[in-house]
Amino acid sequence: MAFVLILAVPTHGVHAAKGGVKSTKSKNAPVNLTLGKADMIKVGGDVSDVLVADPSVIDVMAVKSNSLYVVGSSVGDTNIIVLDALGDVLQRIDVHVSYDLLAIQTLVDELFPDENVKVGSIHDQILLTGTVSNPAVASKVVNIVGHYVGDLQDENKTADELISNLLDVRGEQ
């Protein structure tokens, strides 16, 4: 004879001792930082401790009881968990650090004013799209942007590792 145990688990109304179960997801849009730049983030309470998932992506300092100074150290994504004196989570903050695409676009526009090159990014790679007049120009754009980005990241990667080149070339190739 076999017994079957049925356990009913409510899908709502579950409460923990400290005021209920909280979601582990951030409710706010991520904070977007530019590589090498900083921002101040206000927190909803007095900060006692700050935890960073990937400290290679950002540097964080509490500068006031309710404010954080956050600097983008490398391109990538991470999050911050801010705790109060009791160890309760005050806030979860997702952070995305990206290249200064406006600065790169301005450089390309200044050096190649007759070309139609658009600069974007996918995670840690620069995305080049648009149309250029010939293969030599395409190669120059890729090399210059590759050196610029490599210097920002202080890495010895090749332009092909740093850039997704989707440039179209007009005319003969």
# chains A, B, ... in the order shown; residues from 1 in each chain; ligands from 1
>>> residues_around(residues="His123 of chain A", least_positions_apart="2", cutoff="7 Å", atoms="only C-alpha atoms", output="number ranges by chain")
A: 76, 121, 125
>>> residues_around(residues="Lys140 of chain A", least_positions_apart="5", cutoff="12 Å", atoms="only C-alpha atoms", output="PyMOL selection string")
chain A and resi 108+111-112+115+117+132-135+145-147+159+165+167
>>> write_last_selection(atoms="all heavy atoms", output="compact mmCIF listing (two decimals), in the first residue's frame")
# COMPACT_ATOMS: atom_id res chain seq x y z
N VAL A 108 35.47 59.91 -35.16
CA VAL A 108 35.28 59.36 -36.51
C VAL A 108 34.73 60.42 -37.45
O VAL A 108 35.21 60.56 -38.59
CB VAL A 108 34.36 58.11 -36.47
CG1 VAL A 108 33.96 57.67 -37.86
CG2 VAL A 108 35.05 56.97 -35.73
N LEU A 111 37.56 62.91 -38.37
CA LEU A 111 38.61 62.36 -39.22
C LEU A 111 38.10 61.91 -40.59
O LEU A 111 38.87 61.90 -41.56
CB LEU A 111 39.29 61.18 -38.52
CG LEU A 111 40.07 61.52 -37.25
CD1 LEU A 111 40.56 60.26 -36.56
CD2 LEU A 111 41.24 62.45 -37.57
N PHE A 112 36.83 61.55 -40.65
CA PHE A 112 36.25 61.04 -41.90
C PHE A 112 34.91 61.74 -42.18
O PHE A 112 33.85 61.10 -42.17
CB PHE A 112 36.05 59.52 -41.82
CG PHE A 112 37.32 58.77 -41.49
CD1 PHE A 112 37.60 58.40 -40.19
CD2 PHE A 112 38.23 58.44 -42.49
CE1 PHE A 112 38.77 57.72 -39.88
CE2 PHE A 112 39.39 57.76 -42.19
CZ PHE A 112 39.67 57.40 -40.88
N GLU A 115 32.37 60.35 -44.87
CA GLU A 115 31.93 58.96 -44.74
C GLU A 115 30.71 58.88 -43.83
O GLU A 115 30.48 59.75 -43.00
CB GLU A 115 33.06 58.09 -44.19
CG GLU A 115 34.36 58.18 -44.96
CD GLU A 115 34.29 57.73 -46.41
OE1 GLU A 115 33.40 56.91 -46.74
OE2 GLU A 115 35.11 58.18 -47.21
N VAL A 117 29.65 56.72 -41.12
CA VAL A 117 30.00 55.69 -40.14
C VAL A 117 29.24 55.97 -38.85
O VAL A 117 29.27 57.08 -38.34
CB VAL A 117 31.51 55.65 -39.86
CG1 VAL A 117 31.85 54.62 -38.79
CG2 VAL A 117 32.28 55.37 -41.14
N VAL A 132 31.16 53.36 -46.28
CA VAL A 132 32.38 54.13 -46.57
C VAL A 132 32.71 54.02 -48.05
O VAL A 132 32.20 53.15 -48.75
CB VAL A 132 33.57 53.63 -45.71
CG1 VAL A 132 33.33 53.91 -44.24
CG2 VAL A 132 33.85 52.16 -45.92
N SER A 133 33.59 54.91 -48.51
CA SER A 133 33.85 55.02 -49.94
C SER A 133 34.74 53.93 -50.51
O SER A 133 34.62 53.59 -51.69
CB SER A 133 34.46 56.40 -50.25
OG SER A 133 35.61 56.60 -49.46
N ASN A 134 35.65 53.36 -49.70
CA ASN A 134 36.54 52.32 -50.22
C ASN A 134 37.10 51.48 -49.07
O ASN A 134 37.01 51.87 -47.91
CB ASN A 134 37.65 52.93 -51.09
CG ASN A 134 38.53 53.89 -50.33
OD1 ASN A 134 39.17 53.52 -49.35
ND2 ASN A 134 38.54 55.16 -50.76
N PRO A 135 37.72 50.34 -49.42
CA PRO A 135 38.25 49.45 -48.38
C PRO A 135 39.35 50.09 -47.52
O PRO A 135 39.47 49.79 -46.34
CB PRO A 135 38.81 48.27 -49.16
CG PRO A 135 38.10 48.27 -50.46
CD PRO A 135 37.80 49.73 -50.75
N VAL A 145 39.69 53.44 -34.45
CA VAL A 145 38.75 53.15 -33.35
C VAL A 145 39.31 52.03 -32.47
O VAL A 145 39.20 52.08 -31.24
CB VAL A 145 37.35 52.80 -33.90
CG1 VAL A 145 36.44 52.32 -32.78
CG2 VAL A 145 36.74 54.02 -34.60
N GLY A 146 39.94 51.04 -33.07
CA GLY A 146 40.55 49.96 -32.30
C GLY A 146 41.63 50.45 -31.36
O GLY A 146 41.70 50.03 -30.20
N HIS A 147 42.49 51.34 -31.83
CA HIS A 147 43.54 51.90 -30.97
C HIS A 147 42.93 52.73 -29.85
O HIS A 147 43.36 52.66 -28.69
CB HIS A 147 44.52 52.74 -31.78
CG HIS A 147 45.44 51.92 -32.63
ND1 HIS A 147 46.36 51.04 -32.11
CD2 HIS A 147 45.57 51.84 -33.97
CE1 HIS A 147 47.02 50.45 -33.08
NE2 HIS A 147 46.56 50.92 -34.23
N ALA A 159 42.35 45.08 -33.14
CA ALA A 159 41.13 45.79 -33.55
C ALA A 159 40.00 44.80 -33.83
O ALA A 159 38.84 45.07 -33.50
CB ALA A 159 41.40 46.66 -34.77
N ASN A 165 33.02 44.95 -37.19
CA ASN A 165 33.02 45.80 -38.37
C ASN A 165 31.90 45.36 -39.32
O ASN A 165 32.02 44.34 -39.97
CB ASN A 165 34.37 45.73 -39.06
CG ASN A 165 34.44 46.56 -40.32
OD1 ASN A 165 33.50 47.27 -40.67
ND2 ASN A 165 35.55 46.47 -41.01
N LEU A 167 30.75 47.62 -41.63
CA LEU A 167 30.76 48.69 -42.63
C LEU A 167 30.56 48.13 -44.03
O LEU A 167 31.15 47.12 -44.40
CB LEU A 167 32.09 49.45 -42.57
CG LEU A 167 32.35 50.27 -41.30
CD1 LEU A 167 33.79 50.78 -41.30
CD2 LEU A 167 31.36 51.43 -41.21
>>> residues_around(residues="Val63 of chain A", least_positions_apart="2", cutoff="12 Å", atoms="only C-alpha atoms", output="list of chain:residue names")
A:Asp39, A:Met40, A:Ile41, A:Lys42, A:Val43, A:Asp46, A:Val47, A:Ser48, A:Val50, A:Val60, A:Met61, A:Ser65, A:Asn66, A:Ser67, A:Leu68, A:Tyr69, A:Val70
>>> write_last_selection(atoms="all heavy atoms", output="tab-separated table (two decimals), in the first residue's frame")
chain	number	residue	atom	x	y	z
A	39	ASP	N	29.39	58.97	-11.14
A	39	ASP	CA	28.08	59.52	-10.86
A	39	ASP	C	27.79	59.33	-9.38
A	39	ASP	O	28.36	58.47	-8.72
A	39	ASP	CB	27.00	58.81	-11.70
A	39	ASP	CG	25.76	59.65	-11.87
A	39	ASP	OD1	25.66	60.77	-11.30
A	39	ASP	OD2	24.86	59.20	-12.60
A	40	MET	N	26.90	60.18	-8.87
A	40	MET	CA	26.43	60.06	-7.49
A	40	MET	C	25.07	59.38	-7.53
A	40	MET	O	24.22	59.72	-8.35
A	40	MET	CB	26.29	61.43	-6.83
A	40	MET	CG	27.61	62.17	-6.70
A	40	MET	SD	28.70	61.46	-5.48
A	40	MET	CE	27.83	61.81	-3.98
A	41	ILE	N	24.86	58.41	-6.64
A	41	ILE	CA	23.60	57.69	-6.57
A	41	ILE	C	23.05	57.85	-5.16
A	41	ILE	O	23.71	57.52	-4.18
A	41	ILE	CB	23.80	56.19	-6.88
A	41	ILE	CG1	24.36	56.01	-8.29
A	41	ILE	CG2	22.49	55.43	-6.71
A	41	ILE	CD1	24.72	54.58	-8.61
A	42	LYS	N	21.82	58.37	-5.09
A	42	LYS	CA	21.13	58.50	-3.80
A	42	LYS	C	20.52	57.16	-3.41
A	42	LYS	O	20.01	56.43	-4.25
A	42	LYS	CB	20.02	59.54	-3.90
A	42	LYS	CG	20.51	60.94	-4.11
A	42	LYS	CD	20.56	61.67	-2.81
A	42	LYS	CE	20.86	63.13	-3.11
A	42	LYS	NZ	21.73	63.70	-2.14
A	43	VAL	N	20.58	56.86	-2.12
A	43	VAL	CA	20.05	55.60	-1.59
A	43	VAL	C	18.96	55.95	-0.58
A	43	VAL	O	19.07	56.94	0.13
A	43	VAL	CB	21.18	54.78	-0.92
A	43	VAL	CG1	20.66	53.51	-0.34
A	43	VAL	CG2	22.29	54.51	-1.91
A	46	ASP	N	20.13	55.21	5.44
A	46	ASP	CA	21.52	55.33	5.86
A	46	ASP	C	22.31	54.07	5.50
A	46	ASP	O	21.94	52.97	5.91
A	46	ASP	CB	21.61	55.58	7.37
A	46	ASP	CG	21.11	56.96	7.75
A	46	ASP	OD1	21.08	57.84	6.87
A	46	ASP	OD2	20.74	57.15	8.93
A	47	VAL	N	23.39	54.26	4.77
A	47	VAL	CA	24.21	53.16	4.28
A	47	VAL	C	25.17	52.69	5.38
A	47	VAL	O	25.86	53.50	5.98
A	47	VAL	CB	25.03	53.60	3.04
A	47	VAL	CG1	25.96	52.50	2.58
A	47	VAL	CG2	24.10	54.04	1.92
A	48	SER	N	25.19	51.39	5.58
A	48	SER	CA	26.13	50.82	6.53
A	48	SER	C	27.19	49.99	5.80
A	48	SER	O	28.35	50.00	6.18
A	48	SER	CB	25.41	49.95	7.54
A	48	SER	OG	26.33	49.37	8.43
A	50	VAL	N	28.28	48.28	1.65
A	50	VAL	CA	28.04	48.24	0.20
A	50	VAL	C	28.73	47.01	-0.36
A	50	VAL	O	29.92	46.80	-0.13
A	50	VAL	CB	28.61	49.51	-0.48
A	50	VAL	CG1	28.41	49.44	-1.97
A	50	VAL	CG2	27.96	50.76	0.09
A	60	VAL	N	33.16	51.85	-5.84
A	60	VAL	CA	32.07	52.49	-5.11
A	60	VAL	C	32.58	52.97	-3.76
A	60	VAL	O	33.31	52.26	-3.07
A	60	VAL	CB	30.90	51.51	-4.89
A	60	VAL	CG1	29.77	52.18	-4.12
A	60	VAL	CG2	30.39	50.95	-6.19
A	61	MET	N	32.17	54.20	-3.41
A	61	MET	CA	32.46	54.74	-2.08
A	61	MET	C	31.19	55.39	-1.55
A	61	MET	O	30.49	56.08	-2.29
A	61	MET	CB	33.55	55.81	-2.15
A	61	MET	CG	34.94	55.28	-2.31
A	61	MET	SD	36.27	56.51	-2.19
A	61	MET	CE	35.50	58.08	-2.17
A	65	SER	N	25.73	59.64	4.23
A	65	SER	CA	24.99	58.51	4.81
A	65	SER	C	24.01	57.90	3.82
A	65	SER	O	23.64	56.75	3.95
A	65	SER	CB	24.26	58.95	6.06
A	65	SER	OG	23.29	59.94	5.75
A	66	ASN	N	23.62	58.68	2.79
A	66	ASN	CA	22.63	58.16	1.83
A	66	ASN	C	23.06	58.35	0.37
A	66	ASN	O	22.23	58.35	-0.52
A	66	ASN	CB	21.28	58.83	2.06
A	66	ASN	CG	21.29	60.31	1.71
A	66	ASN	OD1	22.35	60.93	1.62
A	66	ASN	ND2	20.13	60.87	1.49
A	67	SER	N	24.37	58.49	0.12
A	67	SER	CA	24.85	58.69	-1.25
A	67	SER	C	26.08	57.85	-1.54
A	67	SER	O	26.96	57.71	-0.69
A	67	SER	CB	25.21	60.16	-1.49
A	67	SER	OG	24.06	60.97	-1.42
A	68	LEU	N	26.12	57.32	-2.77
A	68	LEU	CA	27.27	56.55	-3.23
A	68	LEU	C	27.94	57.27	-4.39
A	68	LEU	O	27.26	57.83	-5.25
A	68	LEU	CB	26.83	55.16	-3.70
A	68	LEU	CG	26.09	54.29	-2.71
A	68	LEU	CD1	25.65	53.00	-3.40
A	68	LEU	CD2	26.95	53.99	-1.50
A	69	TYR	N	29.25	57.22	-4.42
A	69	TYR	CA	30.05	57.73	-5.53
A	69	TYR	C	30.51	56.51	-6.31
A	69	TYR	O	31.20	55.64	-5.77
A	69	TYR	CB	31.24	58.52	-4.98
A	69	TYR	CG	32.20	59.03	-6.03
A	69	TYR	CD1	31.88	60.13	-6.81
A	69	TYR	CD2	33.45	58.44	-6.20
A	69	TYR	CE1	32.77	60.62	-7.75
A	69	TYR	CE2	34.35	58.92	-7.13
A	69	TYR	CZ	34.00	60.01	-7.90
A	69	TYR	OH	34.89	60.49	-8.83
A	70	VAL	N	30.08	56.39	-7.58
A	70	VAL	CA	30.34	55.19	-8.37
A	70	VAL	C	31.12	55.57	-9.62
A	70	VAL	O	30.72	56.47	-10.36
A	70	VAL	CB	29.02	54.50	-8.78
A	70	VAL	CG1	29.29	53.21	-9.52
A	70	VAL	CG2	28.15	54.24	-7.56
>>> select_by_dssp(residues="segment 19-158 of chain A", states="helix (DSSP H, G or I)", output="PyMOL selection string")
chain A and resi 101-111+135-153
>>> closest_residue(among="A:Val137, A:Thr34, A:Tyr99, A:Gly44", to="Pro113 of chain A", atoms="only C-alpha atoms")
A:Val137
>>> residues_around(residues="Asp59 of chain A", least_positions_apart="2", cutoff="8 Å", atoms="only C-alpha atoms", output="ChimeraX atom specification")
/A:55-57,61,70-73
>>> select_by_dssp(residues="chain A", states="strand (DSSP E)", output="VMD selection string")
chain A and resid 31 to 34 38 to 42 49 to 52 58 to 64 67 to 72 76 to 83 89 to 98 116 to 122 125 to 132 163 to 169
